[in-house]
Amino acid sequence: MKAEEFRGHFPIFSDGGVHLCSCSEGALSDRVTSALTDFVTSWRIQAAPWDSWMEQVNQARTAFAQTIHADPADIATVSCASEAAFQVSWGQSFSATRNVIITTDLEFPSIAHVWLAQQSRGAIVKFVANHDGLIMVDDYTPFIDDKTALVSVPLVSYANGLRFPVREIAKLAHKMGARVAVDAYQGVGVIPVDINELECDYLFAGTLKYLLGAPGIAFLWVKPGLSHANDPILTGWFGRQDPFAFTPRILDYAESSRRYQTGTPSIPAAFAATAGLFLINATTTTQVSQHIERLAEFTQAALKRQGWTFFSPNPPFRGPQVTIHADDAERISQFLADRRIFVSPRGQAVRVSLHYYNNEQDIHKLVQALHDYRKRYP
Ligand SMILES: Cc1ncc(COP(=O)(O)O)c(C=O)c1O
């Protein structure tokens, strides 16, 4: 699907809005709107259509599997990325000889919090620090040794869009006998992800950002055949061999990655996820990522001419985000939102995030509005 046709599915643009905050929440498409309507209609007319609702959950999982080139059987449906990270952490033993978790200061806080919570189980958590927004393989290298249990590498950082060298870090970790978890939330959908090439052991992401779904659902891919120190303690009927066996005395874990599931998944979110993923899968990620790279280059050049400096790195490490340094990030974002230009502030940075639906007109509007902002607040 061509970029203009893709953009046509997102009414915010024809309404005069400029959506540049996919790193926070993807734009609402006509497809997701009608999927959510379908959910409500099915509920109203069919009362309790659990079979077709479960089918939606399966479709969402299968579509996510297609996006990352995985087998759907290796994917668990969970409620959020933090839950996925918890399921990953619980599978590790943190023995006296191997108990270190390596993460980074560019990790999304909620995921780092899950790692930190493992300290009560004997884990030691170490943070690889960024320097001017960059983290390279060499920054991870001194941290990874034979005491490392788990290495956490975001595919792309939420903070500045840095693309991590996941594969290289994973190779290093595996050489030392450690496992690798990838939080792909800020990249999957707009950056090519092939699970067979990343060489990680776990990958998780929610669907509400670049995958264009709604809050309430996330997926956890676990490498098939991986052994685990513990069976999931956070569990429920959707983690059973047969969820519909209704046997309260029997705790039988599914053989597949479904074993990481807990209770009833968010059905509205599954409808939205399926619709969003279908749109994503109707494009090719190479086409999408090239479009975004071009637009990011255009955005960065235009903002640079205005005198902004950047927390986002230069290519090839720049992801779908151009992030500007700004002490007044909140005020800028509000000024822009008042003009229906939506970006995302985080601390002292304004995140301008790009998707296949964005075009140069969006950037012209942004640049003009920032010019007006500078005049209003010199
Ligand atoms: C990289 C990344 N991981 C995780 C999350 C959110 O995690 P959760 O789904 O647990 O809210 C976000 C989002 O906001 C994120 O940007």
# chains A, B, ... in the order shown; residues from 1 in each chain; ligands from 1
call {"tool": "residues_around", "arguments": {"residues": "range 215-225 of chain A", "least_positions_apart": "5", "cutoff": "8 Å", "atoms": "only C-alpha atoms", "output": "PyMOL selection string"}}
result
chain A and resi 61+64+74-81+84+200-208+256-257+265-266+269-270+273
call {"tool": "closest_atom_pairs", "arguments": {"of": "chain A", "to": "ligand 1", "cutoff": "6 Å", "atoms": "only C-alpha atoms and all ligand atoms", "output": "Markdown table"}}
result
| residue | atom | partner | partner_atom_place_in_ligand_line | distance |
| --- | --- | --- | --- | --- |
| A:Cys80 | CA | ligand 1 | 9 (O) | 3.6 |
| A:Ala81 | CA | ligand 1 | 9 (O) | 3.7 |
| A:Ser82 | CA | ligand 1 | 10 (O) | 3.6 |
| A:Phe108 | CA | ligand 1 | 2 (C) | 4.9 |
| A:Ser110 | CA | ligand 1 | 7 (O) | 5.9 |
| A:Tyr158 | CA | ligand 1 | 16 (O) | 4.6 |
| A:Asp183 | CA | ligand 1 | 1 (C) | 5.9 |
| A:Tyr185 | CA | ligand 1 | 1 (C) | 4.8 |
| A:Gln186 | CA | ligand 1 | 1 (C) | 5.1 |
| A:Gly206 | CA | ligand 1 | 9 (O) | 5.6 |
call {"tool": "write_last_selection", "arguments": {"atoms": "C-alpha atoms", "output": "JSON list (two decimals), in the first residue's frame"}}
result
[["chain", "number", "residue", "atom", "x", "y", "z"],
["A", 80, "CYS", "CA", 0.91, -5.09, 28.72],
["A", 81, "ALA", "CA", 4.65, -5.10, 28.13],
["A", 82, "SER", "CA", 5.40, -5.01, 31.87],
["A", 108, "PHE", "CA", 11.40, 2.26, 29.37],
["A", 110, "SER", "CA", 8.28, 0.20, 33.61],
["A", 158, "TYR", "CA", 11.34, 5.38, 23.98],
["A", 183, "ASP", "CA", 11.37, -4.73, 24.22],
["A", 185, "TYR", "CA", 7.46, -1.65, 21.56],
["A", 186, "GLN", "CA", 9.04, 1.48, 20.04],
["A", 206, "GLY", "CA", 2.19, -3.78, 22.99]]
call {"tool": "closest_atom_pairs", "arguments": {"of": "range 17-105 of chain A", "to": "range 124-141 of chain A", "cutoff": "10 Å", "atoms": "only C-alpha atoms", "output": "tab-separated table"}}
result
residue	atom	partner	partner_atom	distance
A:Phe94	CA	A:Ile124	CA	8.6
A:Arg98	CA	A:Ile124	CA	9.6
A:Asn99	CA	A:Ile124	CA	6.1
A:Val100	CA	A:Ile124	CA	4.7
A:Ile101	CA	A:Val125	CA	4.8
A:Ile102	CA	A:Lys126	CA	5.0
A:Thr103	CA	A:Phe127	CA	4.9
A:Thr104	CA	A:Val128	CA	4.4
A:Asp105	CA	A:Ala129	CA	5.4
call {"tool": "residues_around", "arguments": {"residues": "Gly122 in chain A", "least_positions_apart": "4", "cutoff": "12 Å", "atoms": "only C-alpha atoms", "output": "PyMOL selection string"}}
result
chain A and resi 89-90+92-101+115-118+149
call {"tool": "closest_residue", "arguments": {"among": "A:Leu28, A:Ala229, A:Ala170, A:Val190", "to": "Val151 in chain A", "atoms": "only C-alpha atoms"}}
result
A:Ala170
call {"tool": "residues_around", "arguments": {"residues": "Ala272 in chain A", "least_positions_apart": "3", "cutoff": "7 Å", "atoms": "only C-alpha atoms", "output": "number ranges by chain"}}
result
A: 32, 35-36, 213-214, 268-269, 275-276
call {"tool": "residues_around", "arguments": {"residues": "Arg318 in chain A", "least_positions_apart": "4", "cutoff": "8 Å", "atoms": "only C-alpha atoms", "output": "list in words"}}
result
Gly161, Leu162, Arg163, Ser312, Pro313, Asn314 and Val322 of chain A
call {"tool": "write_last_selection", "arguments": {"atoms": "C-alpha atoms", "output": "compact mmCIF listing (two decimals), in the first residue's frame"}}
result
# COMPACT_ATOMS: atom_id res chain seq x y z
CA GLY A 161 14.46 6.73 19.27
CA LEU A 162 17.94 5.20 19.44
CA ARG A 163 18.09 1.92 17.51
CA SER A 312 18.03 11.52 18.92
CA PRO A 313 21.10 10.06 17.24
CA ASN A 314 22.10 10.36 13.62
CA VAL A 322 13.45 13.02 15.99
call {"tool": "closest_residue", "arguments": {"among": "A:His371, A:Gly263, A:Ser157, A:Ser289", "to": "Trp308 in chain A", "atoms": "only C-alpha atoms"}}
result
A:His371
call {"tool": "residues_around", "arguments": {"residues": "Tyr210 in chain A", "least_positions_apart": "3", "cutoff": "10 Å", "atoms": "only C-alpha atoms", "output": "PyMOL selection string"}}
result
chain A and resi 21-27+185-191+206-207+213+276-277+280+320+353-356
call {"tool": "write_last_selection", "arguments": {"atoms": "C-alpha atoms", "output": "CSV table (one decimal), in the first residue's frame"}}
result
chain,number,residue,atom,x,y,z
A,21,CYS,CA,3.2,11.2,18.5
A,22,SER,CA,3.1,7.5,17.5
A,23,CYS,CA,5.7,6.9,20.1
A,24,SER,CA,3.0,7.6,22.6
A,25,GLU,CA,-0.2,6.4,20.8
A,26,GLY,CA,-0.7,5.6,17.2
A,27,ALA,CA,-3.3,7.5,15.2
A,185,TYR,CA,7.5,-1.7,21.6
A,186,GLN,CA,9.0,1.5,20.0
A,187,GLY,CA,10.0,-0.1,16.7
A,188,VAL,CA,7.9,-3.0,15.6
A,189,GLY,CA,5.6,-1.9,12.8
A,190,VAL,CA,8.0,0.6,11.4
A,191,ILE,CA,11.4,-1.1,11.6
A,206,GLY,CA,2.2,-3.8,23.0
A,207,THR,CA,0.1,-2.8,20.0
A,213,GLY,CA,-4.0,-0.7,18.0
A,276,GLY,CA,-4.1,-2.1,13.2
A,277,LEU,CA,-1.9,-5.1,12.5
A,280,ILE,CA,0.6,-2.7,9.0
A,320,PRO,CA,11.3,6.6,13.9
A,353,SER,CA,7.7,10.5,16.0
A,354,LEU,CA,7.0,9.5,12.5
A,355,HIS,CA,4.9,6.8,10.9
A,356,TYR,CA,4.1,5.8,7.4
call {"tool": "residues_around", "arguments": {"residues": "range 1-14 of chain A", "least_positions_apart": "2", "cutoff": "8 Å", "atoms": "only C-alpha atoms", "output": "ChimeraX atom specification"}}
result
/A:16-19,27-31,282-283,356-358
call {"tool": "select_by_dssp", "arguments": {"residues": "range 100-323 of chain A", "states": "strand (DSSP E or B)", "output": "PyMOL selection string"}}
result
chain A and resi 100-104+124-128+131+134+148-154+156+162-163+179-183+188+191+202-206+218-222+240+253+310+318+321-323
